[in-house]
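Accompanying notes for the structure given below.
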Amino acid sequence: MNDRRLAAEFEEHRPRLLAVATRALGSRIDAEDAVQEAWLRLHRHADDEIENLGAWLTRVVGRLCIDALRRRTARAESALDSWEVDVLVTDEAGDPESTAIAADAVGLAMLVVLESLEPEERLAFVLHDVFAVPFAEIAPIVNRSTNAAKMLASRARRKVQDQPPPTGEPGQQREVVDAFLRAAREGDFDSLLSVLDPDVTWYHHTAHGRTVWNGTDAVLTAIQNGNPDRVTLRRVSVNGQPGLLAWGPSGRPVALMACTVVAGRIVRMDSITDATRLSRMTLPSRDPSAD
């Protein structure tokens with residue numbers, strides 16, 4: 001096959017390969033690296049007889065994802081360690097390219113769940129439950145029998161199902177976050193309780209690690225101890241989820257939060273207040289009219 005035709009056929013598969021790798025790795029940057037490596041390997045096999053190019057490329061990308069996840073485990077890292085370079089923070093009315101990227105992005109809450117899975121579990125779940133790849137094709141990727149591949153996906157599914165997905169239209173979810181923002185600014189704790197799930201969990205990523213606060217009392221205490229008069233807050237989109245971005249008196253970003261809304265209430269919040277990480281992000285401006 002000549003180079004031009006090979007490149008054209010690969011480009012037809014690239015969007016799906018990138019989506020698979022992004023879901024599996026939770027990192028757009030790592031996903032692009034995996035897809036690029038798949039192209040290099042395909043180029044080296046240009047003279048081979050490949051019966052099903054799509055399946056062949058999926059197998060290659062899948063193996064590359066497993067290798068990448070294993071390297072993270074060996075280094076005691078996760079996609080969360082570098083999410084400041086992968087997270088997409090935009091205004092709600094983002095440009096088409098940003099909207100497309102957000103559609104492939106992994107929500108921060110789901111990323112935490114995926115990071116708890118073994119590499120083979122994670123890939124089997126993503127390939128089957130998200131992209132409907134048959135287990136017979138997944139089996140050689142994860143180096144298991146077909147039945148064992150089913151078991152991997154099943155174990156992963158049970159863990160993922162413990163994390164409720166967002167519900168409601170995007171506009172409805174934004175309204176809930178707007179109500180939370182108003183109530184926090186006004187110190188209206190009754191209104192806060194009306195938009196917070198009783199079992200709400202707040203995952204707080206700081207420069208010193210992660211802390212987890214459970215229940216409305218913990219969230220209300222954190223808000224009460226804050227100083228809303230010294231920060232400027234506005235709603236943003238964080239990997240396609242409604243969130244909040246805060247700036248301090250100096251004009252520098254001081255906090256970013258993504259909210260998971262289920263049945264009209266916030267069930268989970270993922271926030272980061274590490275100034276170094278925030279400084280490396282591409283963030284909307286404090287003044288919406290300047291974007």
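Each chain of the structure tokens is named A, B, ... in the order shown, its residues numbered from 1; ligands are numbered from 1 in display order.
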Next item on the list: Give the alpha helix (DSSP H) residues of segment 8-247 of chain A, as DSSP finds them on the backbone, and put them as a PyMOL selection string.
Entry: chain A and resi 8-25+28-44+53-74+83-86+96-104+108-114+119-125+135-142+146-161+170-186+189-195+216-225
Checklist line | Shell around Arg14 of chain A at 9 Å using only C-alpha atoms, local window under 5 positions removed, as a ChimeraX atom specification | finding: /A:9,19,35
Go ahead and dump the residues you just picked, N, CA and C atoms, as a compact mmCIF listing (two decimals), in the first residue's frame.
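Dumped to result_17.txt:
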# COMPACT_ATOMS: atom_id res chain seq x y z
N GLU A 9 -6.27 6.21 4.89
CA GLU A 9 -7.06 5.22 5.63
C GLU A 9 -6.88 5.38 7.13
N ALA A 19 -10.58 8.93 20.52
CA ALA A 19 -11.64 8.86 21.53
C ALA A 19 -11.42 7.68 22.46
N VAL A 35 -1.95 7.42 19.80
CA VAL A 35 -2.43 7.35 18.42
C VAL A 35 -1.27 7.60 17.44
Note to self: With distances taken over only C-alpha atoms, which residue among A:Arg41, A:Arg185, A:Arg75, A:Arg280 lies nearest Arg59 of chain A?
What the structure shows: A:Arg41
Could you give me, as JSON lines, a per-residue list for segment 110-143 of chain A showing, wherever an atom lies at most 9 Å from an atom of segment 148-170 of chain A, the closest pair of atoms and their distance in Å to one decimal, using only C-alpha atoms and sorting by chain then residue number from low to high?
{"residue": "A:Met110", "atom": "CA", "partner": "A:Gln163", "partner_atom": "CA", "distance": 7.3}
{"residue": "A:Val113", "atom": "CA", "partner": "A:Val160", "partner_atom": "CA", "distance": 6.4}
{"residue": "A:Leu114", "atom": "CA", "partner": "A:Val160", "partner_atom": "CA", "distance": 7.5}
{"residue": "A:Ser116", "atom": "CA", "partner": "A:Lys159", "partner_atom": "CA", "distance": 8.6}
{"residue": "A:Leu117", "atom": "CA", "partner": "A:Ala156", "partner_atom": "CA", "distance": 6.6}
{"residue": "A:Glu118", "atom": "CA", "partner": "A:Ala156", "partner_atom": "CA", "distance": 8.5}
{"residue": "A:Glu120", "atom": "CA", "partner": "A:Leu152", "partner_atom": "CA", "distance": 7.0}
{"residue": "A:Glu121", "atom": "CA", "partner": "A:Leu152", "partner_atom": "CA", "distance": 4.7}
{"residue": "A:Arg122", "atom": "CA", "partner": "A:Ala156", "partner_atom": "CA", "distance": 6.5}
{"residue": "A:Leu123", "atom": "CA", "partner": "A:Ala153", "partner_atom": "CA", "distance": 8.1}
{"residue": "A:Ala124", "atom": "CA", "partner": "A:Ala153", "partner_atom": "CA", "distance": 5.1}
{"residue": "A:Phe125", "atom": "CA", "partner": "A:Ala153", "partner_atom": "CA", "distance": 4.4}
{"residue": "A:Val126", "atom": "CA", "partner": "A:Ala153", "partner_atom": "CA", "distance": 8.2}
{"residue": "A:Leu127", "atom": "CA", "partner": "A:Ala153", "partner_atom": "CA", "distance": 8.9}
{"residue": "A:His128", "atom": "CA", "partner": "A:Ala153", "partner_atom": "CA", "distance": 7.4}
{"residue": "A:Asp129", "atom": "CA", "partner": "A:Ala153", "partner_atom": "CA", "distance": 8.0}
{"residue": "A:Phe135", "atom": "CA", "partner": "A:Ala149", "partner_atom": "CA", "distance": 6.3}
{"residue": "A:Ala136", "atom": "CA", "partner": "A:Ala149", "partner_atom": "CA", "distance": 8.3}
{"residue": "A:Ile138", "atom": "CA", "partner": "A:Ala149", "partner_atom": "CA", "distance": 6.7}
{"residue": "A:Ala139", "atom": "CA", "partner": "A:Ala149", "partner_atom": "CA", "distance": 5.4}
{"residue": "A:Pro140", "atom": "CA", "partner": "A:Ala149", "partner_atom": "CA", "distance": 8.9}
{"residue": "A:Val142", "atom": "CA", "partner": "A:Ala149", "partner_atom": "CA", "distance": 7.2}
{"residue": "A:Asn143", "atom": "CA", "partner": "A:Ala149", "partner_atom": "CA", "distance": 8.5}
Would you mind exporting C-alpha atoms of the selected residues as a PDB file, in the first residue's frame?
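The resulting file, selection-v6.pdb, is reproduced below:
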ATOM      1  CA  MET A 110     -15.212   9.542  36.520  1.00  0.00           C
ATOM      2  CA  VAL A 113     -13.090   6.005  39.552  1.00  0.00           C
ATOM      3  CA  LEU A 114     -11.186   4.860  36.461  1.00  0.00           C
ATOM      4  CA  SER A 116      -8.902   2.762  40.790  1.00  0.00           C
ATOM      5  CA  LEU A 117      -9.169   0.066  38.102  1.00  0.00           C
ATOM      6  CA  GLU A 118      -6.472  -2.307  36.929  1.00  0.00           C
ATOM      7  CA  GLU A 120      -6.858  -4.482  31.803  1.00  0.00           C
ATOM      8  CA  GLU A 121     -10.139  -3.874  33.672  1.00  0.00           C
ATOM      9  CA  ARG A 122     -10.154  -0.282  32.578  1.00  0.00           C
ATOM     10  CA  LEU A 123      -9.524  -1.029  28.923  1.00  0.00           C
ATOM     11  CA  ALA A 124     -12.022  -3.897  28.750  1.00  0.00           C
ATOM     12  CA  PHE A 125     -14.703  -1.671  30.256  1.00  0.00           C
ATOM     13  CA  VAL A 126     -13.975   1.278  27.986  1.00  0.00           C
ATOM     14  CA  LEU A 127     -13.804  -0.784  24.797  1.00  0.00           C
ATOM     15  CA  HIS A 128     -16.966  -2.785  25.482  1.00  0.00           C
ATOM     16  CA  ASP A 129     -19.256  -0.452  27.423  1.00  0.00           C
ATOM     17  CA  PHE A 135     -15.262  -9.332  23.783  1.00  0.00           C
ATOM     18  CA  ALA A 136     -13.784 -11.646  21.167  1.00  0.00           C
ATOM     19  CA  ILE A 138     -10.994  -7.346  23.390  1.00  0.00           C
ATOM     20  CA  ALA A 139      -9.589 -10.692  24.588  1.00  0.00           C
ATOM     21  CA  PRO A 140      -6.276 -10.586  22.661  1.00  0.00           C
ATOM     22  CA  VAL A 142      -5.920  -7.661  27.329  1.00  0.00           C
ATOM     23  CA  ASN A 143      -4.220 -11.055  26.847  1.00  0.00           C
TER      24      ASN A 143
END
Note to self: Run DSSP on the backbone and tell me which residues of segment 40-280 of chain A come out as strand (DSSP E or B); list them as number ranges by chain.
What the structure shows: A: 89-90, 196-206, 209-214, 232-238, 241-247, 253-262, 265-272
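With only C-alpha atoms as the atoms that count, the minimum distance from Gly171 of chain A to the choices A:Ala132, A:Val261, A:Ile50, A:Leu233 is reached by A:Val261.
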Checklist line | Which residue of A:Leu244, A:Ala183, A:Ala68, A:Leu40 approaches Ile223 of chain A most closely, using only C-alpha atoms | finding: A:Ala183
List as a short mmCIF file (atom, residue, chain, number, x, y, z; two decimals) with C-alpha atoms, in the first residue's frame the protein and nucleic acid residues near Ser250 of chain A, meaning an atom at most 12 Å away when only C-alpha atoms are counted, but skip any in the same chain fewer than 4 places from it.
data_model
loop_
_atom_site.label_atom_id
_atom_site.label_comp_id
_atom_site.auth_asym_id
_atom_site.auth_seq_id
_atom_site.Cartn_x
_atom_site.Cartn_y
_atom_site.Cartn_z
CA ARG A 230 -12.41 38.57 48.65
CA VAL A 231 -12.92 36.38 45.58
CA THR A 232 -14.56 36.77 42.20
CA ALA A 246 -12.49 31.80 41.42
CA VAL A 254 -7.28 30.60 43.26
CA ARG A 286 -12.23 36.97 35.00
#
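Nearest-residue note for Asp188 of chain A: choosing from A:Gln224, A:Thr273, A:Thr216, A:Thr90, the minimum distance belongs to A:Gln224, counting only C-alpha atoms.
Every protein or nucleic acid residue with an atom no more than 8 Å from segment 206-210 of chain A, counting only C-alpha atoms and leaving out same-chain residues fewer than 6 positions away, appears here: Ile272, Thr273, Asp274, Ala275 and Thr276 of chain A.
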Output file for the residues above (N, CA and C atoms, as a CSV table (one decimal), in the first residue's frame):
chain,number,residue,atom,x,y,z
A,272,ILE,N,-9.7,22.2,42.8
A,272,ILE,CA,-8.2,22.3,42.9
A,272,ILE,C,-7.9,23.7,43.3
A,273,THR,N,-7.0,23.8,44.3
A,273,THR,CA,-6.6,25.1,44.8
A,273,THR,C,-5.1,25.3,44.8
A,274,ASP,N,-4.4,24.4,44.1
A,274,ASP,CA,-2.9,24.4,44.0
A,274,ASP,C,-2.6,25.5,43.0
A,275,ALA,N,-2.0,26.6,43.5
A,275,ALA,CA,-1.7,27.8,42.7
A,275,ALA,C,-0.8,27.5,41.5
A,276,THR,N,0.2,26.5,41.7
A,276,THR,CA,1.1,26.2,40.7
A,276,THR,C,0.4,25.5,39.5
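Shortest atom-to-atom contact with Phe180 of chain A among A:Ser27, A:Ser279, A:Thr221, A:Ser194: A:Ser194, counting only C-alpha atoms.
Taking atom CA of Arg16 of chain A as the reference point, atom CA of Phe131 of chain A is found at 8.9 Å.
Between Thr73 of chain A and the candidates A:Arg252, A:Val61, A:Glu115, A:Asp91, the tightest atom-to-atom separation, counting only C-alpha atoms, involves A:Glu115.
A straight line drawn from atom CA of Arg144 of chain A to atom CA of Ile66 of chain A is 13.2 Å long.
Pairwise distance (atom CA of Pro119 of chain A, atom CA of Asp30 of chain A) equals 14.7 Å.
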Notebook entry, point to check: Contacts of Trp39 of chain A at 9 Å or less, counting only C-alpha atoms, minus same-chain residues fewer than 6 places along, as JSON, numbers by chain?
Noted result: {"A": [7, 10, 57]}
Please produce a file of those selected residues containing C-alpha atoms, as an mmCIF file, in the first residue's frame.
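Done, and the output landed in again.cif:
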data_model
loop_
_atom_site.group_PDB
_atom_site.id
_atom_site.type_symbol
_atom_site.label_atom_id
_atom_site.label_comp_id
_atom_site.auth_asym_id
_atom_site.auth_seq_id
_atom_site.Cartn_x
_atom_site.Cartn_y
_atom_site.Cartn_z
ATOM 1 C CA ALA A 7 -2.208 7.829 5.542
ATOM 2 C CA PHE A 10 -5.419 5.901 8.982
ATOM 3 C CA LEU A 57 -5.436 -0.257 14.995
#
